[in-house]
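The block underneath contains the structure these notes are about, expressed in structure tokens.
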Amino acid sequence: MIYGTDYHVHTIYSDGKREPETYIEAALKLGLREIGFSDHLNPAGGPPDWCMPHDRLPQYAEHVLRLKRDHKDIAVRLGLEIDYLPGTEGVTDRIINSFPFDYIVGSVHYLGDETVDLGPEFYIGKDIDLIYENYFNLVCEAASTGFFDIMGHPDLVRIHRYRPVADITHLYSMMASAFEIHDVAFELNTNGRNKPLRDFYPDSHYLHLFAEHGVPVTVNSDAHFPERVGQFFSEGYDLLKRAGYREMAVFSGRERFMIPLQGR
Ligand SMILES: [Zn+2]
Ligand SMILES: [Zn+2]
């Protein structure tokens, strides 16, 4: 029996399009065994059109916890996708300890005051090699904080297809090594396929580095509507197997367990 999980979905509590219930229905239809909510929260507040206002967090957590209690047919997990923003550690620390989360996804969307993912404008006229270096360094710094269980879309900076000139294998090596040292998992995020990038995060050419460092992995959709729950997962599992993975991580109460990798 295949044990599938999807730990990264967005509902109306952040910038997702539908109520949490609809994602559970979609997950059940696919035969997933776990569905985890990870609505997006920015410790500095952030634009309300894509970040959960902090005062909605109790309502969100109680909603997901109620669904968790009500469902015997699927494990419902309470997660959160939190921005890593240096200088807001106190807020993040308070938030992650305020509810019984099953896992916390740590994501870098911001370099300075600007987001790397909203539009290609961010990249125009800039030194792309330097942007990549800064982005990878910030993700490694995020991994070192101990706040996060899963590093979200670790090379999101690829989203608009601006590529560095230099070979960047060393950046992926540095990242895999940082994840290993700080004992965090990362996600193979399939949503990049729906973006200008048309590919998963992280770049599959470097997945073997994460496998060699023994970094635990999970496959996530980053779905913003229920139709995308579990999207492209069999392809994701196959890529991980080819990179040398035999296990994947599951989470409960911020503890990590390893189970055999799914797929054919
Ligand atoms: Zn994200
Ligand atoms: Zn997300």
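We name chains A, B, ... following the order of the structure tokens; residues begin at 1 in each chain, and ligands are numbered from 1 as shown.
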
Can you tell me, as a PyMOL selection string, what residues are no more than 8 Å from Ser14 of chain A when counting only C-alpha atoms, ignoring any on the same chain fewer than 3 positions away?
chain A and resi 10-11+39-41+48-52

Could the residues in this selection be saved with N, CA, C and O atoms as a short mmCIF file (atom, residue, chain, number, x, y, z; two decimals), in the first residue's frame?
```cif
data_model
loop_
_atom_site.label_atom_id
_atom_site.label_comp_id
_atom_site.auth_asym_id
_atom_site.auth_seq_id
_atom_site.Cartn_x
_atom_site.Cartn_y
_atom_site.Cartn_z
N HIS A 10 -1.80 25.56 0.60
CA HIS A 10 -2.26 26.88 1.05
C HIS A 10 -3.77 27.00 0.90
O HIS A 10 -4.31 26.68 -0.16
N THR A 11 -4.40 27.48 1.95
CA THR A 11 -5.86 27.64 1.94
C THR A 11 -6.22 29.13 2.00
O THR A 11 -5.34 29.99 1.93
N ASP A 39 -0.14 27.04 5.71
CA ASP A 39 -0.43 28.39 5.24
C ASP A 39 0.73 29.31 5.57
O ASP A 39 1.52 29.05 6.49
N HIS A 40 0.82 30.38 4.80
CA HIS A 40 2.01 31.21 4.80
C HIS A 40 1.91 32.34 5.82
O HIS A 40 0.94 33.09 5.82
N LEU A 41 2.91 32.42 6.66
CA LEU A 41 2.95 33.50 7.65
C LEU A 41 4.30 34.18 7.60
O LEU A 41 5.34 33.52 7.57
N PRO A 48 -1.06 41.45 3.13
CA PRO A 48 -2.17 40.59 3.53
C PRO A 48 -2.76 39.77 2.39
O PRO A 48 -3.48 38.81 2.65
N ASP A 49 -2.44 40.09 1.13
CA ASP A 49 -2.98 39.28 0.04
C ASP A 49 -2.29 37.93 -0.09
O ASP A 49 -2.81 37.03 -0.74
N TRP A 50 -1.13 37.76 0.51
CA TRP A 50 -0.54 36.41 0.46
C TRP A 50 0.02 35.91 1.79
O TRP A 50 0.50 34.78 1.88
N CYS A 51 -0.09 36.73 2.86
CA CYS A 51 0.40 36.29 4.16
C CYS A 51 -0.77 36.26 5.16
O CYS A 51 -1.61 37.16 5.15
N MET A 52 -0.77 35.27 6.03
CA MET A 52 -1.81 35.20 7.05
C MET A 52 -1.58 36.30 8.09
O MET A 52 -0.47 36.42 8.62
#
```

Filtered DSSP result for segment 91-176 of chain A, state strand (DSSP E), as a ChimeraX atom specification:
/A:103-107,110-111,114-115,150-151

For the residues in that selection, give me all heavy atoms as a PDB file, in the first residue's frame.
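Output saved as result_24.pdb:
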```pdb
ATOM      1  N   TYR A 103       4.878  20.245  12.041  1.00  0.00           N
ATOM      2  CA  TYR A 103       6.143  20.608  11.382  1.00  0.00           C
ATOM      3  C   TYR A 103       6.051  22.088  11.006  1.00  0.00           C
ATOM      4  O   TYR A 103       4.957  22.655  10.897  1.00  0.00           O
ATOM      5  CB  TYR A 103       6.395  19.759  10.121  1.00  0.00           C
ATOM      6  CG  TYR A 103       5.281  19.888   9.126  1.00  0.00           C
ATOM      7  CD1 TYR A 103       5.242  20.934   8.204  1.00  0.00           C
ATOM      8  CD2 TYR A 103       4.209  18.994   9.140  1.00  0.00           C
ATOM      9  CE1 TYR A 103       4.172  21.077   7.339  1.00  0.00           C
ATOM     10  CE2 TYR A 103       3.147  19.129   8.282  1.00  0.00           C
ATOM     11  CZ  TYR A 103       3.139  20.180   7.384  1.00  0.00           C
ATOM     12  OH  TYR A 103       2.074  20.330   6.533  1.00  0.00           O
ATOM     13  N   ILE A 104       7.222  22.676  10.800  1.00  0.00           N
ATOM     14  CA  ILE A 104       7.293  24.058  10.312  1.00  0.00           C
ATOM     15  C   ILE A 104       8.128  24.047   9.030  1.00  0.00           C
ATOM     16  O   ILE A 104       9.238  23.516   9.012  1.00  0.00           O
ATOM     17  CB  ILE A 104       7.971  24.992  11.346  1.00  0.00           C
ATOM     18  CG1 ILE A 104       7.228  24.979  12.704  1.00  0.00           C
ATOM     19  CG2 ILE A 104       8.087  26.416  10.798  1.00  0.00           C
ATOM     20  CD1 ILE A 104       5.852  25.614  12.717  1.00  0.00           C
ATOM     21  N   VAL A 105       7.561  24.610   7.970  1.00  0.00           N
ATOM     22  CA  VAL A 105       8.304  24.788   6.716  1.00  0.00           C
ATOM     23  C   VAL A 105       8.980  26.164   6.777  1.00  0.00           C
ATOM     24  O   VAL A 105       8.316  27.163   7.043  1.00  0.00           O
ATOM     25  CB  VAL A 105       7.359  24.738   5.486  1.00  0.00           C
ATOM     26  CG1 VAL A 105       8.139  24.963   4.191  1.00  0.00           C
ATOM     27  CG2 VAL A 105       6.595  23.414   5.436  1.00  0.00           C
ATOM     28  N   GLY A 106      10.273  26.188   6.554  1.00  0.00           N
ATOM     29  CA  GLY A 106      11.013  27.458   6.534  1.00  0.00           C
ATOM     30  C   GLY A 106      11.341  27.824   5.109  1.00  0.00           C
ATOM     31  O   GLY A 106      11.935  27.014   4.381  1.00  0.00           O
ATOM     32  N   SER A 107      10.936  29.009   4.689  1.00  0.00           N
ATOM     33  CA  SER A 107      11.134  29.409   3.297  1.00  0.00           C
ATOM     34  C   SER A 107      11.784  30.778   3.196  1.00  0.00           C
ATOM     35  O   SER A 107      11.518  31.661   4.007  1.00  0.00           O
ATOM     36  CB  SER A 107       9.793  29.464   2.560  1.00  0.00           C
ATOM     37  OG  SER A 107       9.216  28.180   2.473  1.00  0.00           O
ATOM     38  N   TYR A 110      12.227  36.375   0.487  1.00  0.00           N
ATOM     39  CA  TYR A 110      12.766  37.745   0.434  1.00  0.00           C
ATOM     40  C   TYR A 110      14.287  37.764   0.395  1.00  0.00           C
ATOM     41  O   TYR A 110      14.946  37.059   1.159  1.00  0.00           O
ATOM     42  CB  TYR A 110      12.357  38.514   1.687  1.00  0.00           C
ATOM     43  CG  TYR A 110      10.915  38.971   1.695  1.00  0.00           C
ATOM     44  CD1 TYR A 110       9.910  38.147   2.190  1.00  0.00           C
ATOM     45  CD2 TYR A 110      10.567  40.234   1.229  1.00  0.00           C
ATOM     46  CE1 TYR A 110       8.583  38.565   2.200  1.00  0.00           C
ATOM     47  CE2 TYR A 110       9.246  40.663   1.244  1.00  0.00           C
ATOM     48  CZ  TYR A 110       8.263  39.825   1.723  1.00  0.00           C
ATOM     49  OH  TYR A 110       6.958  40.248   1.736  1.00  0.00           O
ATOM     50  N   LEU A 111      14.825  38.595  -0.479  1.00  0.00           N
ATOM     51  CA  LEU A 111      16.221  38.997  -0.389  1.00  0.00           C
ATOM     52  C   LEU A 111      16.170  40.495  -0.131  1.00  0.00           C
ATOM     53  O   LEU A 111      15.763  41.253  -1.010  1.00  0.00           O
ATOM     54  CB  LEU A 111      16.974  38.712  -1.691  1.00  0.00           C
ATOM     55  CG  LEU A 111      17.581  37.315  -1.888  1.00  0.00           C
ATOM     56  CD1 LEU A 111      18.353  37.266  -3.202  1.00  0.00           C
ATOM     57  CD2 LEU A 111      18.474  36.893  -0.727  1.00  0.00           C
ATOM     58  N   GLU A 114      12.809  42.810  -1.066  1.00  0.00           N
ATOM     59  CA  GLU A 114      12.112  42.356  -2.275  1.00  0.00           C
ATOM     60  C   GLU A 114      11.952  40.844  -2.300  1.00  0.00           C
ATOM     61  O   GLU A 114      12.811  40.110  -1.803  1.00  0.00           O
ATOM     62  CB  GLU A 114      12.899  42.788  -3.520  1.00  0.00           C
ATOM     63  CG  GLU A 114      12.910  44.293  -3.745  1.00  0.00           C
ATOM     64  CD  GLU A 114      13.739  44.636  -4.957  1.00  0.00           C
ATOM     65  OE1 GLU A 114      14.972  44.693  -4.833  1.00  0.00           O
ATOM     66  OE2 GLU A 114      13.152  44.828  -6.037  1.00  0.00           O
ATOM     67  N   THR A 115      10.845  40.393  -2.913  1.00  0.00           N
ATOM     68  CA  THR A 115      10.639  38.958  -3.050  1.00  0.00           C
ATOM     69  C   THR A 115      11.232  38.483  -4.369  1.00  0.00           C
ATOM     70  O   THR A 115      11.160  39.169  -5.383  1.00  0.00           O
ATOM     71  CB  THR A 115       9.140  38.607  -3.040  1.00  0.00           C
ATOM     72  OG1 THR A 115       8.477  39.372  -4.036  1.00  0.00           O
ATOM     73  CG2 THR A 115       8.518  38.899  -1.694  1.00  0.00           C
ATOM     74  N   ILE A 150      11.349  21.508   7.741  1.00  0.00           N
ATOM     75  CA  ILE A 150      11.445  21.266   6.293  1.00  0.00           C
ATOM     76  C   ILE A 150      11.838  22.589   5.632  1.00  0.00           C
ATOM     77  O   ILE A 150      11.178  23.603   5.844  1.00  0.00           O
ATOM     78  CB  ILE A 150      10.077  20.830   5.708  1.00  0.00           C
ATOM     79  CG1 ILE A 150       9.522  19.587   6.425  1.00  0.00           C
ATOM     80  CG2 ILE A 150      10.180  20.600   4.194  1.00  0.00           C
ATOM     81  CD1 ILE A 150       8.060  19.272   6.072  1.00  0.00           C
ATOM     82  N   MET A 151      12.884  22.577   4.826  1.00  0.00           N
ATOM     83  CA  MET A 151      13.245  23.782   4.091  1.00  0.00           C
ATOM     84  C   MET A 151      12.428  23.794   2.785  1.00  0.00           C
ATOM     85  O   MET A 151      12.509  22.853   1.990  1.00  0.00           O
ATOM     86  CB  MET A 151      14.753  23.819   3.804  1.00  0.00           C
ATOM     87  CG  MET A 151      15.636  23.746   5.062  1.00  0.00           C
ATOM     88  SD  MET A 151      15.144  24.879   6.403  1.00  0.00           S
ATOM     89  CE  MET A 151      15.393  26.458   5.597  1.00  0.00           C
TER      90      MET A 151
END
```

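Each of A:Leu85, A:Leu209, A:Ile95, A:Ala143 was compared to His182 of chain A using only C-alpha atoms, and A:Ala143 turns out to be the nearest.
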
Using only C-alpha atoms and all ligand atoms, which of A:Gly112, A:Pro120, A:Gly244, A:Gly192 sits nearest ligand 2?
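Nearest to ligand 2: A:Gly192.
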
Report as a PDB file with C-alpha atoms, in the first residue's frame which protein, DNA and RNA residues come within 9 Å of ligand 1, using only C-alpha atoms and all ligand atoms.
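For reference, pocket_24.pdb as written:
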```pdb
ATOM      1  CA  HIS A   8       2.615  21.975   1.681  1.00  0.00           C
ATOM      2  CA  HIS A  40       2.013  31.209   4.795  1.00  0.00           C
ATOM      3  CA  GLU A  81       5.192  28.047   6.088  1.00  0.00           C
ATOM      4  CA  ILE A  82       7.192  30.806   7.743  1.00  0.00           C
ATOM      5  CA  ASP A  83       9.464  33.270   5.987  1.00  0.00           C
ATOM      6  CA  VAL A 105       8.304  24.788   6.716  1.00  0.00           C
ATOM      7  CA  GLY A 106      11.013  27.458   6.534  1.00  0.00           C
ATOM      8  CA  SER A 107      11.134  29.409   3.297  1.00  0.00           C
ATOM      9  CA  VAL A 108      13.160  32.243   1.867  1.00  0.00           C
ATOM     10  CA  HIS A 109      11.030  34.460  -0.368  1.00  0.00           C
ATOM     11  CA  ASP A 117       9.279  35.019  -6.748  1.00  0.00           C
ATOM     12  CA  GLY A 152      10.723  24.962   1.493  1.00  0.00           C
ATOM     13  CA  HIS A 153      11.536  25.222  -2.242  1.00  0.00           C
ATOM     14  CA  LEU A 156      13.142  29.239  -5.468  1.00  0.00           C
ATOM     15  CA  ASP A 222       2.660  23.778  -2.630  1.00  0.00           C
TER      16      ASP A 222
END
```

Can you list, as a ChimeraX atom specification, every residue of segment 108-185 of chain A that DSSP puts in helix (DSSP H, G or I)?
/A:120-123,128-144,156-158,169-181

Write out the residues from the selection above, keeping C-alpha atoms, as a tab-separated table (two decimals), in the first residue's frame.
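What landed in result20.tsv:
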```tsv
chain	number	residue	atom	x	y	z
A	120	PRO	CA	10.94	38.77	-13.17
A	121	GLU	CA	11.55	42.49	-12.48
A	122	PHE	CA	13.59	41.56	-9.44
A	123	TYR	CA	16.28	40.03	-11.65
A	128	ILE	CA	22.50	36.81	-11.13
A	129	ASP	CA	25.54	34.95	-9.78
A	130	LEU	CA	25.48	37.20	-6.72
A	131	ILE	CA	21.72	36.79	-6.28
A	132	TYR	CA	22.13	32.99	-6.26
A	133	GLU	CA	24.98	33.18	-3.78
A	134	ASN	CA	22.99	35.45	-1.46
A	135	TYR	CA	19.88	33.31	-1.76
A	136	PHE	CA	21.67	30.02	-1.01
A	137	ASN	CA	23.50	31.61	1.92
A	138	LEU	CA	20.22	32.82	3.39
A	139	VAL	CA	18.59	29.39	3.05
A	140	CYS	CA	21.60	27.85	4.84
A	141	GLU	CA	21.32	30.50	7.56
A	142	ALA	CA	17.60	29.69	7.89
A	143	ALA	CA	18.44	25.99	8.30
A	144	SER	CA	20.85	26.86	11.11
A	156	LEU	CA	13.14	29.24	-5.47
A	157	VAL	CA	15.50	31.80	-7.00
A	158	ARG	CA	15.32	29.72	-10.23
A	169	THR	CA	27.50	22.94	-7.92
A	170	HIS	CA	29.33	24.29	-4.86
A	171	LEU	CA	26.20	26.18	-3.76
A	172	TYR	CA	24.16	22.96	-3.77
A	173	SER	CA	27.00	21.14	-1.94
A	174	MET	CA	27.06	23.88	0.67
A	175	MET	CA	23.28	23.65	1.06
A	176	ALA	CA	23.21	19.84	1.36
A	177	SER	CA	26.00	19.99	3.90
A	178	ALA	CA	24.21	22.74	5.92
A	179	PHE	CA	20.96	20.75	5.94
A	180	GLU	CA	22.84	17.67	7.14
A	181	ILE	CA	24.69	19.55	9.89
```

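Comparing A:Val91, A:Ala27, A:Leu80, A:Leu207 by their smallest distance to Tyr237 of chain A, the closest is A:Leu207 (using only C-alpha atoms).
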
Fewer than 2 positions away in the same chain doesn't count, so skip those; otherwise give me all residues within 9 Å of Phe251 of chain A, counting only C-alpha atoms, as an mmCIF file with all heavy atoms, in the first residue's frame.
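Dumped everything to part-v6.cif:
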```cif
data_model
loop_
_atom_site.group_PDB
_atom_site.id
_atom_site.type_symbol
_atom_site.label_atom_id
_atom_site.label_comp_id
_atom_site.auth_asym_id
_atom_site.auth_seq_id
_atom_site.Cartn_x
_atom_site.Cartn_y
_atom_site.Cartn_z
ATOM 1 N N TYR A 7 2.617 17.836 2.417
ATOM 2 C CA TYR A 7 2.735 18.711 3.589
ATOM 3 C C TYR A 7 2.742 20.199 3.260
ATOM 4 O O TYR A 7 3.029 21.012 4.129
ATOM 5 C CB TYR A 7 4.030 18.393 4.337
ATOM 6 C CG TYR A 7 4.032 17.072 5.071
ATOM 7 C CD1 TYR A 7 5.160 16.247 5.039
ATOM 8 C CD2 TYR A 7 2.941 16.670 5.830
ATOM 9 C CE1 TYR A 7 5.191 15.055 5.734
ATOM 10 C CE2 TYR A 7 2.962 15.475 6.529
ATOM 11 C CZ TYR A 7 4.087 14.675 6.477
ATOM 12 O OH TYR A 7 4.114 13.498 7.175
ATOM 13 N N ARG A 77 -2.337 17.096 9.280
ATOM 14 C CA ARG A 77 -1.201 17.677 10.007
ATOM 15 C C ARG A 77 -1.304 19.197 10.040
ATOM 16 O O ARG A 77 -1.698 19.827 9.045
ATOM 17 C CB ARG A 77 0.118 17.282 9.331
ATOM 18 C CG ARG A 77 0.354 15.782 9.214
ATOM 19 C CD ARG A 77 0.527 15.122 10.546
ATOM 20 N NE ARG A 77 0.848 13.719 10.411
ATOM 21 C CZ ARG A 77 0.566 12.809 11.343
ATOM 22 N NH1 ARG A 77 -0.021 13.155 12.474
ATOM 23 N NH2 ARG A 77 0.890 11.546 11.155
ATOM 24 N N ASP A 102 2.781 20.121 13.758
ATOM 25 C CA ASP A 102 3.415 18.859 13.395
ATOM 26 C C ASP A 102 4.757 19.098 12.705
ATOM 27 O O ASP A 102 5.642 18.253 12.754
ATOM 28 C CB ASP A 102 2.479 18.042 12.499
ATOM 29 C CG ASP A 102 1.302 17.505 13.308
ATOM 30 O OD1 ASP A 102 1.537 16.803 14.311
ATOM 31 O OD2 ASP A 102 0.142 17.830 12.972
ATOM 32 N N TYR A 103 4.878 20.245 12.041
ATOM 33 C CA TYR A 103 6.143 20.608 11.382
ATOM 34 C C TYR A 103 6.051 22.088 11.006
ATOM 35 O O TYR A 103 4.957 22.655 10.897
ATOM 36 C CB TYR A 103 6.395 19.759 10.121
ATOM 37 C CG TYR A 103 5.281 19.888 9.126
ATOM 38 C CD1 TYR A 103 5.242 20.934 8.204
ATOM 39 C CD2 TYR A 103 4.209 18.994 9.140
ATOM 40 C CE1 TYR A 103 4.172 21.077 7.339
ATOM 41 C CE2 TYR A 103 3.147 19.129 8.282
ATOM 42 C CZ TYR A 103 3.139 20.180 7.384
ATOM 43 O OH TYR A 103 2.074 20.330 6.533
ATOM 44 N N ASP A 149 11.584 22.478 10.292
ATOM 45 C CA ASP A 149 11.701 21.035 10.084
ATOM 46 C C ASP A 149 11.948 20.705 8.617
ATOM 47 O O ASP A 149 12.609 19.727 8.305
ATOM 48 C CB ASP A 149 10.412 20.338 10.538
ATOM 49 C CG ASP A 149 10.101 20.656 11.985
ATOM 50 O OD1 ASP A 149 10.877 20.224 12.857
ATOM 51 O OD2 ASP A 149 9.110 21.377 12.247
ATOM 52 N N ALA A 249 10.679 11.403 4.590
ATOM 53 C CA ALA A 249 10.383 11.818 5.966
ATOM 54 C C ALA A 249 8.888 12.071 6.139
ATOM 55 O O ALA A 249 8.226 12.606 5.253
ATOM 56 C CB ALA A 249 11.171 13.081 6.287
ATOM 57 N N GLY A 253 3.951 16.024 15.459
ATOM 58 C CA GLY A 253 4.361 16.689 16.699
ATOM 59 C C GLY A 253 5.794 17.188 16.669
ATOM 60 O O GLY A 253 6.501 17.154 17.668
ATOM 61 N N ARG A 254 6.242 17.625 15.496
ATOM 62 C CA ARG A 254 7.586 18.141 15.238
ATOM 63 C C ARG A 254 8.673 17.080 15.426
ATOM 64 O O ARG A 254 9.845 17.392 15.611
ATOM 65 C CB ARG A 254 7.864 19.409 16.072
ATOM 66 C CG ARG A 254 6.851 20.513 15.775
ATOM 67 C CD ARG A 254 7.404 21.895 15.876
ATOM 68 N NE ARG A 254 8.500 22.125 14.962
ATOM 69 C CZ ARG A 254 9.388 23.100 15.110
ATOM 70 N NH1 ARG A 254 9.285 23.922 16.126
ATOM 71 N NH2 ARG A 254 10.363 23.267 14.236
ATOM 72 N N GLU A 255 8.249 15.835 15.335
ATOM 73 C CA GLU A 255 9.213 14.734 15.291
ATOM 74 C C GLU A 255 9.231 14.189 13.879
ATOM 75 O O GLU A 255 8.191 14.149 13.212
ATOM 76 C CB GLU A 255 8.799 13.619 16.243
ATOM 77 C CG GLU A 255 9.353 13.795 17.639
ATOM 78 C CD GLU A 255 9.215 12.500 18.425
ATOM 79 O OE1 GLU A 255 10.059 11.601 18.258
ATOM 80 O OE2 GLU A 255 8.233 12.413 19.199
ATOM 81 N N ARG A 256 10.396 13.721 13.459
ATOM 82 C CA ARG A 256 10.543 13.199 12.100
ATOM 83 C C ARG A 256 10.725 11.691 12.143
ATOM 84 O O ARG A 256 11.453 11.186 12.993
ATOM 85 C CB ARG A 256 11.772 13.851 11.458
ATOM 86 C CG ARG A 256 11.939 13.534 10.000
ATOM 87 C CD ARG A 256 13.143 14.285 9.443
ATOM 88 N NE ARG A 256 14.391 13.765 9.963
ATOM 89 C CZ ARG A 256 15.430 14.520 10.312
ATOM 90 N NH1 ARG A 256 15.396 15.825 10.192
ATOM 91 N NH2 ARG A 256 16.527 13.965 10.783
ATOM 92 N N PHE A 257 10.049 11.016 11.251
ATOM 93 C CA PHE A 257 10.185 9.558 11.116
ATOM 94 C C PHE A 257 10.472 9.265 9.654
ATOM 95 O O PHE A 257 10.058 10.011 8.777
ATOM 96 C CB PHE A 257 8.879 8.865 11.522
ATOM 97 C CG PHE A 257 8.391 9.265 12.895
ATOM 98 C CD1 PHE A 257 7.537 10.350 13.067
ATOM 99 C CD2 PHE A 257 8.812 8.554 14.020
ATOM 100 C CE1 PHE A 257 7.109 10.735 14.335
ATOM 101 C CE2 PHE A 257 8.374 8.922 15.287
ATOM 102 C CZ PHE A 257 7.526 10.009 15.448
ATOM 103 N N MET A 258 11.184 8.168 9.405
ATOM 104 C CA MET A 258 11.498 7.816 8.025
ATOM 105 C C MET A 258 10.692 6.591 7.608
ATOM 106 O O MET A 258 10.564 5.633 8.373
ATOM 107 C CB MET A 258 13.003 7.501 7.884
ATOM 108 C CG MET A 258 13.930 8.645 8.269
ATOM 109 S SD MET A 258 13.619 10.212 7.412
ATOM 110 C CE MET A 258 14.101 9.762 5.730
#
```

Residue nearest ligand 2 - candidates A:Phe37, A:Phe147, A:Phe232, A:Tyr84, atoms counted: only C-alpha atoms and all ligand atoms:
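Of all the options, A:Phe37 lies closest to ligand 2.
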
Just how far from atom CA of Phe148 of chain A is atom CA of Ile168 of chain A, in Å to one decimal?
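For atom CA of Ile168 of chain A relative to atom CA of Phe148 of chain A, the distance reads 24.7 Å.
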
I'd like to know which of A:Arg228, A:Lys241, A:Arg66, A:Lys195 is closest to His208 of chain A, using only C-alpha atoms.
A:Lys241

Between A:Ile259, A:Ala223, A:Leu118, A:Val229, single out the one closest to ligand 2, counting only C-alpha atoms and all ligand atoms.
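The shortest atom-to-atom distance to ligand 2 comes from A:Ala223.
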
Just want the 6 Å neighbourhood of Asn189 of chain A, counted on only C-alpha atoms, with same-chain residues fewer than 5 positions away dropped. Output as a ChimeraX atom specification.
/A:153,200-201,220-221

What does the file look like for those residues with C-alpha atoms, as a PDB file, in the first residue's frame?
```pdb
ATOM      1  CA  HIS A 153      11.536  25.222  -2.242  1.00  0.00           C
ATOM      2  CA  PHE A 200      10.658  21.209  -9.659  1.00  0.00           C
ATOM      3  CA  TYR A 201      12.643  22.759  -6.803  1.00  0.00           C
ATOM      4  CA  ASN A 220       5.162  18.492  -1.598  1.00  0.00           C
ATOM      5  CA  SER A 221       2.811  20.206  -4.028  1.00  0.00           C
TER       6      SER A 221
END
```

So how many Å separate atom CA of Ile159 of chain A and atom CA of Leu197 of chain A, to one decimal?
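Separation of atom CA of Ile159 of chain A and atom CA of Leu197 of chain A: 4.9 Å.
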
Enter the distance from atom CA of Tyr162 of chain A to atom CA of Tyr206 of chain A, in Å, rounded to one decimal.
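Interatomic distance, atom CA of Tyr162 of chain A to atom CA of Tyr206 of chain A: 17.6 Å.
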
As a PyMOL selection string, please: the residues near Ser98 of chain A (cut-off 12 Å, only C-alpha atoms, same-chain neighbours under 2 positions excluded).
chain A and resi 54+57-58+61-62+80+91-96+100-101

The selected residues should be written to file as a compact mmCIF listing (two decimals), in the first residue's frame (atoms: C-alpha atoms).
```txt
# COMPACT_ATOMS: atom_id res chain seq x y z
CA HIS A 54 -0.95 37.09 12.79
CA LEU A 57 -3.33 32.19 13.45
CA PRO A 58 -5.48 30.92 16.37
CA ALA A 61 -4.75 26.36 14.04
CA GLU A 62 -8.05 25.56 15.72
CA LEU A 80 2.95 26.56 8.79
CA VAL A 91 8.50 36.54 16.65
CA THR A 92 9.17 33.25 14.86
CA ASP A 93 10.19 31.58 18.12
CA ARG A 94 6.98 32.72 19.80
CA ILE A 95 4.77 31.64 16.88
CA ILE A 96 6.18 28.14 16.44
CA PRO A 100 0.95 22.06 18.60
CA PHE A 101 2.44 22.10 15.11
```
